[in-house]
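Peer 1: A single structure is presented below for examination.
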Protein chains: 4
Amino acid sequence: MSDQIVLIDCPDEKGLVYNITKEIYGRGLNIINNQEYVDTEAKHFFMRTVVEGNSLGESFQEKLFEVLPDGANVRLSSIKRQPVVIMGTKEPHCLGDLLLRNAYAELPCDVKAVISNHDDLRSLAESFQIPFHHIPADGVDRHQHEKKISECLRLYQPKYVILAKYMRIFTPEFVAQYPHRMINIHHSFLPAFIGASPYRQAYDRGVKIIGATSHFVTENLDEGPIISQNVIPVNHTYTPEGMAQAGRDIEKNVLATAVKLVLEERVFIFKDKTIVFE
Amino acid sequence: MSDQIVLIDCPDEKGLVYNITKEIYGRGLNIINNQEYVDTEAKHFFMRTVVEGNSLGESFQEKLFEVLPDGANVRLSSIKRQPVVIMGTKEPHCLGDLLLRNAYAELPCDVKAVISNHDDLRSLAESFQIPFHHIPADGVDRHQHEKKISECLRLYQPKYVILAKYMRIFTPEFVAQYPHRMINIHHSFLPAFIGASPYRQAYDRGVKIIGATSHFVTENLDEGPIISQNVIPVNHTYTPEGMAQAGRDIEKNVLATAVKLVLEERVFIFKDKTIVFE
Amino acid sequence: MSDQIVLIDCPDEKGLVYNITKEIYGRGLNIINNQEYVDTEAKHFFMRTVVEGNSLGESFQEKLFEVLPDGANVRLSSIKRQPVVIMGTKEPHCLGDLLLRNAYAELPCDVKAVISNHDDLRSLAESFQIPFHHIPADGVDRHQHEKKISECLRLYQPKYVILAKYMRIFTPEFVAQYPHRMINIHHSFLPAFIGASPYRQAYDRGVKIIGATSHFVTENLDEGPIISQNVIPVNHTYTPEGMAQAGRDIEKNVLATAVKLVLEERVFIFKDKTIVFE
Amino acid sequence: MSDQIVLIDCPDEKGLVYNITKEIYGRGLNIINNQEYVDTEAKHFFMRTVVEGNSLGESFQEKLFEVLPDGANVRLSSIKRQPVVIMGTKEPHCLGDLLLRNAYAELPCDVKAVISNHDDLRSLAESFQIPFHHIPADGVDRHQHEKKISECLRLYQPKYVILAKYMRIFTPEFVAQYPHRMINIHHSFLPAFIGASPYRQAYDRGVKIIGATSHFVTENLDEGPIISQNVIPVNHTYTPEGMAQAGRDIEKNVLATAVKLVLEERVFIFKDKTIVFE
């Protein structure tokens with residue numbers, strides 16, 4: 001999996017694919033996979049290209065900037081196990097699922113630590129030999145609490161912070177430290193049931209389907225760019241607790257899917273939405 | 001399909017199933033199917049029993065009222081083709097699907113007429129030999145328009161009025177004429193995207209799944225008891241129009257499912273929610 | 001929708017995307033959409049490119065053959081309403097659904113006629129003003145029957161023949177007349193329940209999910225390249241008839257999906273499988 | 001959750017629900033939940049009743065045998081954590097998922113041990129403090145191997161043996177020791193792709209959906225009564241390995257669902273099929 005991934009987005013114009021592939025072909029390289037998309041409303045072009053080998057570097061990037069229109073973004077990456085930190089509160093299902101996948105290399109990540117505002121998940125993290133940090137929120141103000149979290153995160157230099165049912169809301173200042181680098185799981189089919197107790201809301205409304213949504217965290221709660229969603233049918237026999245229980249399987253799968261898509265560099269963010277090259 | 005359906009709901013107490021089945025067994029009748037549910041929050045009991053033959057009548061109902069707690073509802077019904085009227089505006093997909101199912105007796109209904117505020121659907125209705133009434137909304141006020149619709153509906157005495165993408169909002173006075181007897185299809189996964197242009201809203205929010213919801217019409221728009229919902233995956237390549245197109249198949253299936261469930265007497269309404277005995 | 005579609009498949013080699021887009025860019029044309037796929041086992045390349053306008057012709061094709069490896073296929077097409085003939089037997093649901101979509105231009109086809117070995121579907125076809133041909137199979141041998149069908153089809157010069165629950169099996173000789181141009185709907189999730197009475201087989205096996213499969217017809221029954229599949233959950237309460245009834249909605253949606261994919265030129269056939277650029 | 005569950009099946013006749021609920025009501029007990037089903041082809045009746053409290057015993061059972069037709073089965077149970085043993089080979093995903101659910105009491109079971117023919121899963125089992133037994137199959141004949149497994153199982157007296165991707169086939173003699181007490185996960189949507197390498201088979205056939213099936217183990221491989229199934233869409237871009245990877249999430253969810261249904265006493269087995277009261 002040492003092949004390189006070229007990630008480009010720029011204003012759309014004629015000849016983009018030609019100009020980009022010319023630079024790759026000119027270097028004698030083989031394209032393994034190529035995906036493109038044009039947002040025709042915004043006239044913006046997106047491309048994800050997997051190129052065999054590991055020879056592309058700064059000079060390739062510079063060359064592309066020459067042939068692409070102003071405002072182009074060009075990023076070189078590859079699929080490798082990126083450092084991540086997982087945050088949770090008390091519920092073990094999403095954390096446990098991610099730790100299992102981490103242990104068996106089903107996700108291209110390397111979980112460096114688990115941070116929680118409660119101590120409940122310690123034994124789970126430690127059974128997988130992952131450092132666990134209990135940073136209580138009680139008795140400290142919000143900024144103090146976040147300061148401690150920031151200090152702890154800095155120890156591990158995570159590429160992404162994964163909120164695996166972390167049940168507290170961050171300040172915009174905290175979120176700004178990890179722009180488009182925090183991935184959350186919300187236990188509803190957003191934008192339905194924004195806010196607290198979505199399963200209770202779903203029960204009260206009498207819906208016949210419930211869901212879960214994974215999204216990037218932005219300063220507007222529950223409004224970050226959506227990465228992945230999934231649903232399951234329910235019916236009148238489900239209590240709010242029954243919905244929550246049924247929802248847990250969806251939550252953990254949706255979060256794992258989103259984490260995989262992001263870590264495999266399949267996700268572009270553009271104007272509060274995502275382009276996902278599956 | 002001439003078997004009788006007994007529909008009971010009442011405050012929950014011990015012995016309800018025993019007391020009800022005793023009356024049926026005492027008459028020497030065979031129960032073909034029996035479904036029960038207790039809303040444990042509201043302490044309310046629901047039962048749908050299919051009894052062989054056609055011999056139950058008023059005396060059975062009276063007897064049940066004797067043995068059931070105060071506040072019981074007992075209804076005798078059977079699956080037969082009920083008169084319905086369909087209302088639409090311009091889009092043919094839901095209407096066409098219902099007319100096809102009606103023509104081949106896939107639904108236990110008998111479509112008596114189609115009413116629309118536009119003339120576009122006339123040829124579709126008439127190709128199935130169904131009377132079509134064009135009742136324009138232009139140049140008349142809302143109450144005048146609804147008065148004409150009411151007069152037209154009265155001609156056909158429908159058991160249910162099916163809104164197959166009827167794009168106007170009724171006044172509470174009109175809705176009150178058909179309490180729990182109007183079935184609507186909303187082109188979103190309610191309560192997400194309440195109101196106008198849900199596919200545009202879904203596009204703007206960047207959701208990865210869209211849906212449709214069939215519900216009873218109440219005076220609060222988009223808030224009636226939900227009967228059926230379904231969803232399909234979408235992605236960044238869908239324009240609002242592409243979502244609308246993909247959504248049409250879901251809309252027509254969800255509406256047909258809801259109409260079938262209601263006409264087969266499988267749906268109880270209780271406190272703005274439905275109990276659906278599938 | 002008058003844009004051109006370029007469909008290319010050839011043995012894989014370096015520089016294909018570059019060489020192809022060079023020819024398009026050299027003509028000053030805009031690529032609206034571009035999809036590529038490499039079958040890495042077979043080392044074969046597939047590309048579907050939508051090019052703005054209508055200016056590509058034979059010289060472009062010839063130029064591509066020059067730059068592409070031996071064995072390349074290059075086809076120029078566009079999305080326009082293609083002539084099709086639908087064949088059925090007695091069941092109306094798939095036929096009715098296709099005729100509705102045809103009437104409202106939801107599919108890029110132009111249904112020229114309906115052919116059936118029974119007369120049951122005549123009124124359905126005629127209510128949509130589509131010529132209906134009853135070609136009975138009784139009292140004639142198989143080849144005579146197929147000869148009559150062939151003669152009838154020849155009148156309409158269909159690009160595709162759609163088998164909308166046509167319940168007879170064609171001889172290899174007949175199939176050879178429409179290579180990769182006959183689309184069938186099979187009422188099971190192939191390869192489960194090959195052959196007759198799949199819903200009965202599904203009932204007997206006690207499956208919890210049933211499905212439908214649309215595929216190109218080849219001389220090996222139920223083994224043609226699969227275009228589209230879908231499923232729905234069932235349970236122990238479903239009789240074989242109940243499964244068949246529930247299956248009808250899946251059948252008609254799967255067939256319509258497959259027809260749309262094929263008519264929009266999104267489907268390549270390669271080694272008994274399909275590449276579907278959705 | 002100490003309420004009692006009454007599980008009854010018998011030849012169908014009039015008055016069964018009445019006769020059963022009479023005995024419950026006569027004891028002054030409250031029915032919390034009641035589900036019935038009649039297999040009308042086989043004329044057989046099934047009922048699962050949850051009764052408040054813990055007072056029903058042998059005398060109730062005897063009384064029921066008196067009022068029920070010959071051939072009745074009556075079982076009293078309750079939802080409590082039952083002893084189970086899990087068997088695996090090398091793949092960790094199903095085992096890990098079950099151990100997580102076991103650790104957080106999401107399933108009413110108590111995993112007593114893990115047995116495998118390889119040593120790969122030892123650390124996973126041990127990180128959850130579950131005894132791990134490596135019983136190699138190499139260098140011993142089949143019956144010797146199974147004899148060792150039997151001896152090991154006997155230590156733990158499991159109510160159920162869960163095969164979490166155990167990749168060996170048992171002899172009928174072994175299976176006979178745990179009649180309807182072994183639950184397997186098969187990595188295909190049975191009966192499609194019976195036998196080895198189902199993902200390879202699915203790839204070769206070019207299916208657009210893959211699935212997983214959980215079933216009771218009987219002496220006929222892959223033919224035991226199906227408990228639960230689920231599917232996910234795939235397309236031409238999936239290699240056999242990609243299908244296997246995507247399938248793992250379905251496999252673990254389907255197996256966990258089946259185990260939950262069985263342990264909650266929701267599953268009747270009748271004539272090689274299941275009745276599942278969800």
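Ligands are numbered from 1 in the order shown, residues from 1 within each chain, and chains are lettered A, B, ... in the order they appear in the structure tokens.
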Can you provide chain A as a tab-separated table (two decimals) with C-alpha atoms, in the first residue's frame, superposed onto chain D by least squares across all C-alpha atoms matched in order?

Peer 2:
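That gives us part19.tsv:
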```tsv
chain	number	residue	atom	x	y	z
A	1	MET	CA	-35.27	-9.05	33.28
A	2	SER	CA	-36.44	-11.80	35.60
A	3	ASP	CA	-39.79	-12.21	33.87
A	4	GLN	CA	-40.73	-15.64	32.62
A	5	ILE	CA	-41.09	-16.66	29.00
A	6	VAL	CA	-43.60	-19.35	28.04
A	7	LEU	CA	-42.78	-21.06	24.74
A	8	ILE	CA	-45.48	-23.24	23.26
A	9	ASP	CA	-45.89	-25.01	19.96
A	10	CYS	CA	-48.52	-27.57	19.07
A	11	PRO	CA	-50.89	-28.67	16.32
A	12	ASP	CA	-53.30	-25.83	15.62
A	13	GLU	CA	-56.88	-25.97	16.84
A	14	LYS	CA	-59.57	-23.58	17.99
A	15	GLY	CA	-59.28	-21.91	21.37
A	16	LEU	CA	-55.53	-22.24	21.92
A	17	VAL	CA	-54.94	-18.62	22.88
A	18	TYR	CA	-58.01	-18.68	25.11
A	19	ASN	CA	-56.94	-21.88	26.84
A	20	ILE	CA	-53.40	-20.69	27.40
A	21	THR	CA	-54.23	-17.18	28.60
A	22	LYS	CA	-56.93	-18.63	30.87
A	23	GLU	CA	-54.24	-20.49	32.81
A	24	ILE	CA	-52.15	-17.37	33.12
A	25	TYR	CA	-55.03	-15.11	34.07
A	26	GLY	CA	-56.34	-17.73	36.50
A	27	ARG	CA	-53.07	-17.42	38.37
A	28	GLY	CA	-53.51	-13.64	38.51
A	29	LEU	CA	-50.49	-12.99	36.34
A	30	ASN	CA	-49.88	-10.17	33.91
A	31	ILE	CA	-48.90	-10.80	30.29
A	32	ILE	CA	-46.25	-8.30	29.25
A	33	ASN	CA	-45.90	-9.44	25.67
A	34	ASN	CA	-47.62	-12.05	23.56
A	35	GLN	CA	-46.76	-13.25	20.08
A	36	GLU	CA	-48.48	-15.98	18.13
A	37	TYR	CA	-48.13	-17.51	14.72
A	38	VAL	CA	-49.91	-20.29	12.87
A	39	ASP	CA	-48.16	-22.11	10.05
A	40	THR	CA	-51.28	-22.62	7.97
A	41	GLU	CA	-49.64	-25.12	5.61
A	42	ALA	CA	-48.49	-27.36	8.45
A	43	LYS	CA	-51.42	-26.43	10.74
A	44	HIS	CA	-49.04	-25.79	13.62
A	45	PHE	CA	-49.33	-23.13	16.32
A	46	PHE	CA	-46.49	-21.16	17.97
A	47	MET	CA	-46.69	-18.79	20.91
A	48	ARG	CA	-44.19	-16.82	22.96
A	49	THR	CA	-45.59	-15.13	26.02
A	50	VAL	CA	-43.72	-13.00	28.52
A	51	VAL	CA	-45.35	-13.22	31.95
A	52	GLU	CA	-44.53	-10.86	34.79
A	53	GLY	CA	-42.71	-12.35	37.73
A	54	ASN	CA	-41.28	-15.75	38.36
A	55	SER	CA	-44.08	-17.87	39.77
A	56	LEU	CA	-44.81	-20.31	36.94
A	57	GLY	CA	-43.48	-23.82	37.42
A	58	GLU	CA	-44.09	-27.46	36.75
A	59	SER	CA	-47.74	-27.40	37.75
A	60	PHE	CA	-48.42	-24.71	35.13
A	61	GLN	CA	-46.66	-26.77	32.51
A	62	GLU	CA	-48.65	-29.86	33.45
A	63	LYS	CA	-51.90	-27.94	33.33
A	64	LEU	CA	-51.05	-26.68	29.85
A	65	PHE	CA	-50.32	-30.18	28.62
A	66	GLU	CA	-53.84	-31.09	29.78
A	67	VAL	CA	-55.56	-28.35	27.77
A	68	LEU	CA	-53.30	-28.46	24.69
A	69	PRO	CA	-53.56	-31.04	21.90
A	70	ASP	CA	-51.24	-34.03	21.76
A	71	GLY	CA	-47.78	-33.28	20.52
A	72	ALA	CA	-47.54	-29.94	22.31
A	73	ASN	CA	-44.20	-28.59	23.47
A	74	VAL	CA	-44.22	-26.25	26.45
A	75	ARG	CA	-41.09	-24.66	27.76
A	76	LEU	CA	-40.56	-22.18	30.59
A	77	SER	CA	-37.57	-19.92	30.33
A	78	SER	CA	-36.33	-16.47	31.18
A	79	ILE	CA	-33.73	-14.09	29.84
A	80	LYS	CA	-30.58	-14.67	31.82
A	81	ARG	CA	-26.93	-14.87	30.89
A	82	GLN	CA	-26.48	-18.38	29.51
A	83	PRO	CA	-23.11	-20.11	29.37
A	84	VAL	CA	-21.70	-20.25	25.82
A	85	VAL	CA	-18.43	-21.27	24.22
A	86	ILE	CA	-17.17	-19.58	21.08
A	87	MET	CA	-15.13	-21.40	18.45
A	88	GLY	CA	-12.99	-19.64	15.87
A	89	THR	CA	-10.08	-20.28	13.57
A	90	LYS	CA	-8.00	-17.24	12.67
A	91	GLU	CA	-10.28	-14.33	11.81
A	92	PRO	CA	-10.83	-12.01	14.78
A	93	HIS	CA	-13.78	-9.84	13.70
A	94	CYS	CA	-16.73	-12.00	14.80
A	95	LEU	CA	-15.01	-13.21	17.93
A	96	GLY	CA	-13.89	-9.72	18.91
A	97	ASP	CA	-17.37	-8.32	18.39
A	98	LEU	CA	-18.95	-11.05	20.53
A	99	LEU	CA	-16.36	-10.59	23.28
A	100	LEU	CA	-17.01	-6.86	23.37
A	101	ARG	CA	-20.76	-7.39	23.58
A	102	ASN	CA	-20.19	-10.01	26.25
A	103	ALA	CA	-17.99	-7.67	28.25
A	104	TYR	CA	-20.64	-4.95	28.20
A	105	ALA	CA	-23.59	-7.29	28.72
A	106	GLU	CA	-25.16	-6.43	25.37
A	107	LEU	CA	-25.97	-10.11	24.91
A	108	PRO	CA	-27.61	-12.31	27.55
A	109	CYS	CA	-24.70	-14.72	27.51
A	110	ASP	CA	-21.66	-15.50	29.56
A	111	VAL	CA	-18.75	-16.51	27.35
A	112	LYS	CA	-16.96	-19.26	29.23
A	113	ALA	CA	-14.16	-20.05	26.82
A	114	VAL	CA	-12.82	-19.71	23.30
A	115	ILE	CA	-11.66	-22.80	21.40
A	116	SER	CA	-9.68	-22.65	18.18
A	117	ASN	CA	-7.77	-24.98	15.89
A	118	HIS	CA	-5.11	-22.26	15.62
A	119	ASP	CA	-3.38	-20.14	18.21
A	120	ASP	CA	-3.88	-16.77	16.49
A	121	LEU	CA	-6.85	-15.63	18.56
A	122	ARG	CA	-5.29	-16.30	21.97
A	123	SER	CA	-4.32	-12.74	22.80
A	124	LEU	CA	-7.75	-11.45	21.78
A	125	ALA	CA	-9.54	-13.88	24.09
A	126	GLU	CA	-7.09	-13.30	26.90
A	127	SER	CA	-7.34	-9.50	26.67
A	128	PHE	CA	-10.96	-10.05	27.72
A	129	GLN	CA	-9.92	-12.53	30.44
A	130	ILE	CA	-11.59	-15.43	28.64
A	131	PRO	CA	-9.85	-18.86	28.77
A	132	PHE	CA	-8.46	-19.84	25.38
A	133	HIS	CA	-7.95	-23.42	24.24
A	134	HIS	CA	-5.81	-24.18	21.25
A	135	ILE	CA	-6.84	-27.60	19.93
A	136	PRO	CA	-4.84	-28.14	16.74
A	137	ALA	CA	-6.31	-30.25	13.97
A	138	ASP	CA	-2.96	-31.04	12.41
A	139	GLY	CA	-1.54	-34.48	12.91
A	140	VAL	CA	-4.73	-35.94	14.38
A	141	ASP	CA	-7.64	-37.48	12.56
A	142	ARG	CA	-11.01	-35.82	12.49
A	143	HIS	CA	-12.58	-37.92	15.21
A	144	GLN	CA	-9.63	-37.49	17.53
A	145	HIS	CA	-9.81	-33.75	17.01
A	146	GLU	CA	-13.52	-33.63	17.71
A	147	LYS	CA	-13.07	-35.83	20.75
A	148	LYS	CA	-10.69	-33.29	22.23
A	149	ILE	CA	-13.11	-30.49	21.46
A	150	SER	CA	-15.95	-32.41	23.09
A	151	GLU	CA	-13.90	-32.95	26.22
A	152	CYS	CA	-13.05	-29.29	26.37
A	153	LEU	CA	-16.67	-28.23	25.82
A	154	ARG	CA	-17.80	-30.58	28.57
A	155	LEU	CA	-15.73	-28.56	31.03
A	156	TYR	CA	-17.88	-25.53	30.40
A	157	GLN	CA	-21.35	-27.04	29.90
A	158	PRO	CA	-22.35	-24.43	27.34
A	159	LYS	CA	-26.00	-23.93	26.48
A	160	TYR	CA	-24.87	-22.87	22.99
A	161	VAL	CA	-21.73	-23.25	20.93
A	162	ILE	CA	-21.13	-20.27	18.65
A	163	LEU	CA	-19.04	-20.80	15.54
A	164	ALA	CA	-17.49	-17.39	14.91
A	165	LYS	CA	-15.83	-18.16	11.58
A	166	TYR	CA	-14.72	-21.62	12.63
A	167	MET	CA	-13.50	-22.87	9.28
A	168	ARG	CA	-13.71	-26.64	9.72
A	169	ILE	CA	-16.62	-28.96	9.09
A	170	PHE	CA	-17.92	-31.15	11.92
A	171	THR	CA	-18.95	-34.77	11.55
A	172	PRO	CA	-22.66	-35.56	11.99
A	173	GLU	CA	-21.71	-37.39	15.21
A	174	PHE	CA	-20.26	-34.23	16.67
A	175	VAL	CA	-23.19	-32.09	15.56
A	176	ALA	CA	-25.58	-34.58	17.17
A	177	GLN	CA	-24.10	-33.71	20.57
A	178	TYR	CA	-25.45	-30.17	20.32
A	179	PRO	CA	-28.74	-30.47	18.48
A	180	HIS	CA	-30.01	-26.98	17.61
A	181	ARG	CA	-27.43	-25.62	20.00
A	182	MET	CA	-24.68	-24.68	17.56
A	183	ILE	CA	-24.96	-21.34	15.78
A	184	ASN	CA	-22.84	-20.69	12.70
A	185	ILE	CA	-22.10	-17.68	10.52
A	186	HIS	CA	-21.74	-18.38	6.81
A	187	HIS	CA	-20.12	-15.70	4.70
A	188	SER	CA	-22.69	-15.64	1.92
A	189	PHE	CA	-26.33	-14.95	1.38
A	190	LEU	CA	-27.40	-18.60	1.53
A	191	PRO	CA	-28.40	-20.57	-0.46
A	192	ALA	CA	-26.25	-18.60	-2.89
A	193	PHE	CA	-22.61	-19.66	-2.87
A	194	ILE	CA	-22.77	-22.77	-0.77
A	195	GLY	CA	-19.40	-24.24	0.11
A	196	ALA	CA	-15.90	-22.83	-0.02
A	197	SER	CA	-14.74	-19.34	-0.98
A	198	PRO	CA	-18.14	-17.69	-1.31
A	199	TYR	CA	-16.62	-14.26	-1.91
A	200	ARG	CA	-14.58	-15.65	-4.78
A	201	GLN	CA	-17.75	-17.24	-6.15
A	202	ALA	CA	-19.62	-13.94	-5.75
A	203	TYR	CA	-16.85	-12.10	-7.56
A	204	ASP	CA	-16.82	-14.59	-10.41
A	205	ARG	CA	-20.57	-14.36	-10.81
A	206	GLY	CA	-20.49	-10.57	-10.77
A	207	VAL	CA	-23.25	-10.08	-8.18
A	208	LYS	CA	-24.19	-6.57	-7.09
A	209	ILE	CA	-25.05	-7.51	-3.49
A	210	ILE	CA	-23.29	-9.80	-1.04
A	211	GLY	CA	-24.49	-11.09	2.29
A	212	ALA	CA	-24.08	-13.25	5.33
A	213	THR	CA	-26.26	-15.90	6.94
A	214	SER	CA	-26.44	-17.17	10.49
A	215	HIS	CA	-27.98	-20.59	10.93
A	216	PHE	CA	-28.21	-23.52	13.28
A	217	VAL	CA	-25.72	-26.25	12.46
A	218	THR	CA	-27.20	-29.53	11.26
A	219	GLU	CA	-25.50	-32.52	9.72
A	220	ASN	CA	-26.07	-31.08	6.25
A	221	LEU	CA	-23.52	-28.37	5.75
A	222	ASP	CA	-24.91	-24.89	5.02
A	223	GLU	CA	-28.46	-26.24	5.17
A	224	GLY	CA	-29.43	-25.69	8.80
A	225	PRO	CA	-32.38	-23.48	9.74
A	226	ILE	CA	-31.63	-19.84	8.93
A	227	ILE	CA	-31.87	-17.42	11.87
A	228	SER	CA	-30.75	-14.13	10.38
A	229	GLN	CA	-29.41	-12.71	7.12
A	230	ASN	CA	-28.20	-9.35	5.91
A	231	VAL	CA	-26.63	-7.89	2.78
A	232	ILE	CA	-24.61	-4.95	1.44
A	233	PRO	CA	-24.24	-3.60	-2.08
A	234	VAL	CA	-21.00	-4.16	-3.99
A	235	ASN	CA	-19.95	-3.34	-7.53
A	236	HIS	CA	-17.40	-4.15	-10.22
A	237	THR	CA	-14.61	-2.38	-8.33
A	238	TYR	CA	-14.64	-4.98	-5.54
A	239	THR	CA	-12.00	-7.68	-5.68
A	240	PRO	CA	-12.72	-10.95	-3.86
A	241	GLU	CA	-10.60	-9.57	-1.01
A	242	GLY	CA	-12.54	-6.29	-1.08
A	243	MET	CA	-15.78	-8.24	-0.85
A	244	ALA	CA	-14.42	-10.26	2.04
A	245	GLN	CA	-13.42	-7.08	3.83
A	246	ALA	CA	-16.80	-5.43	3.26
A	247	GLY	CA	-18.48	-8.67	4.25
A	248	ARG	CA	-16.84	-8.80	7.64
A	249	ASP	CA	-19.04	-6.04	9.06
A	250	ILE	CA	-22.14	-7.85	7.85
A	251	GLU	CA	-20.91	-11.18	9.21
A	252	LYS	CA	-20.31	-9.87	12.68
A	253	ASN	CA	-23.62	-8.03	12.85
A	254	VAL	CA	-25.63	-10.98	11.52
A	255	LEU	CA	-23.99	-13.38	13.95
A	256	ALA	CA	-24.56	-11.03	16.90
A	257	THR	CA	-28.18	-10.57	15.85
A	258	ALA	CA	-28.74	-14.32	15.62
A	259	VAL	CA	-27.09	-14.99	18.97
A	260	LYS	CA	-29.24	-12.32	20.59
A	261	LEU	CA	-32.46	-13.69	19.08
A	262	VAL	CA	-31.65	-17.23	20.22
A	263	LEU	CA	-30.53	-16.23	23.71
A	264	GLU	CA	-33.63	-14.10	24.18
A	265	GLU	CA	-35.70	-17.21	23.39
A	266	ARG	CA	-37.25	-15.65	20.30
A	267	VAL	CA	-36.51	-18.51	17.92
A	268	PHE	CA	-38.57	-21.65	17.30
A	269	ILE	CA	-37.21	-24.33	14.96
A	270	PHE	CA	-39.79	-26.19	12.90
A	271	LYS	CA	-39.11	-28.37	9.88
A	272	ASP	CA	-35.68	-26.93	8.99
A	273	LYS	CA	-36.94	-23.37	9.25
A	274	THR	CA	-37.19	-20.83	12.04
A	275	ILE	CA	-40.04	-18.83	13.44
A	276	VAL	CA	-38.48	-15.67	14.87
A	277	PHE	CA	-40.59	-13.52	17.18
A	278	GLU	CA	-38.70	-10.25	16.98
```

Peer 1: Could you pull out the strand (DSSP E or B) residues of stretch 110-228 of chain C from DSSP and send them as number ranges by chain?

Peer 2: C: 110-116, 132-134, 160-163, 182-186, 209-216, 226-228

Peer 1: Pick out each residue of stretch 43-220 of chain D that DSSP on the backbone tags as helix (DSSP H, G or I); I need them as a PyMOL selection string.

Peer 2: chain D and resi 58-67+93-103+122-127+142-156+172-177+198-205
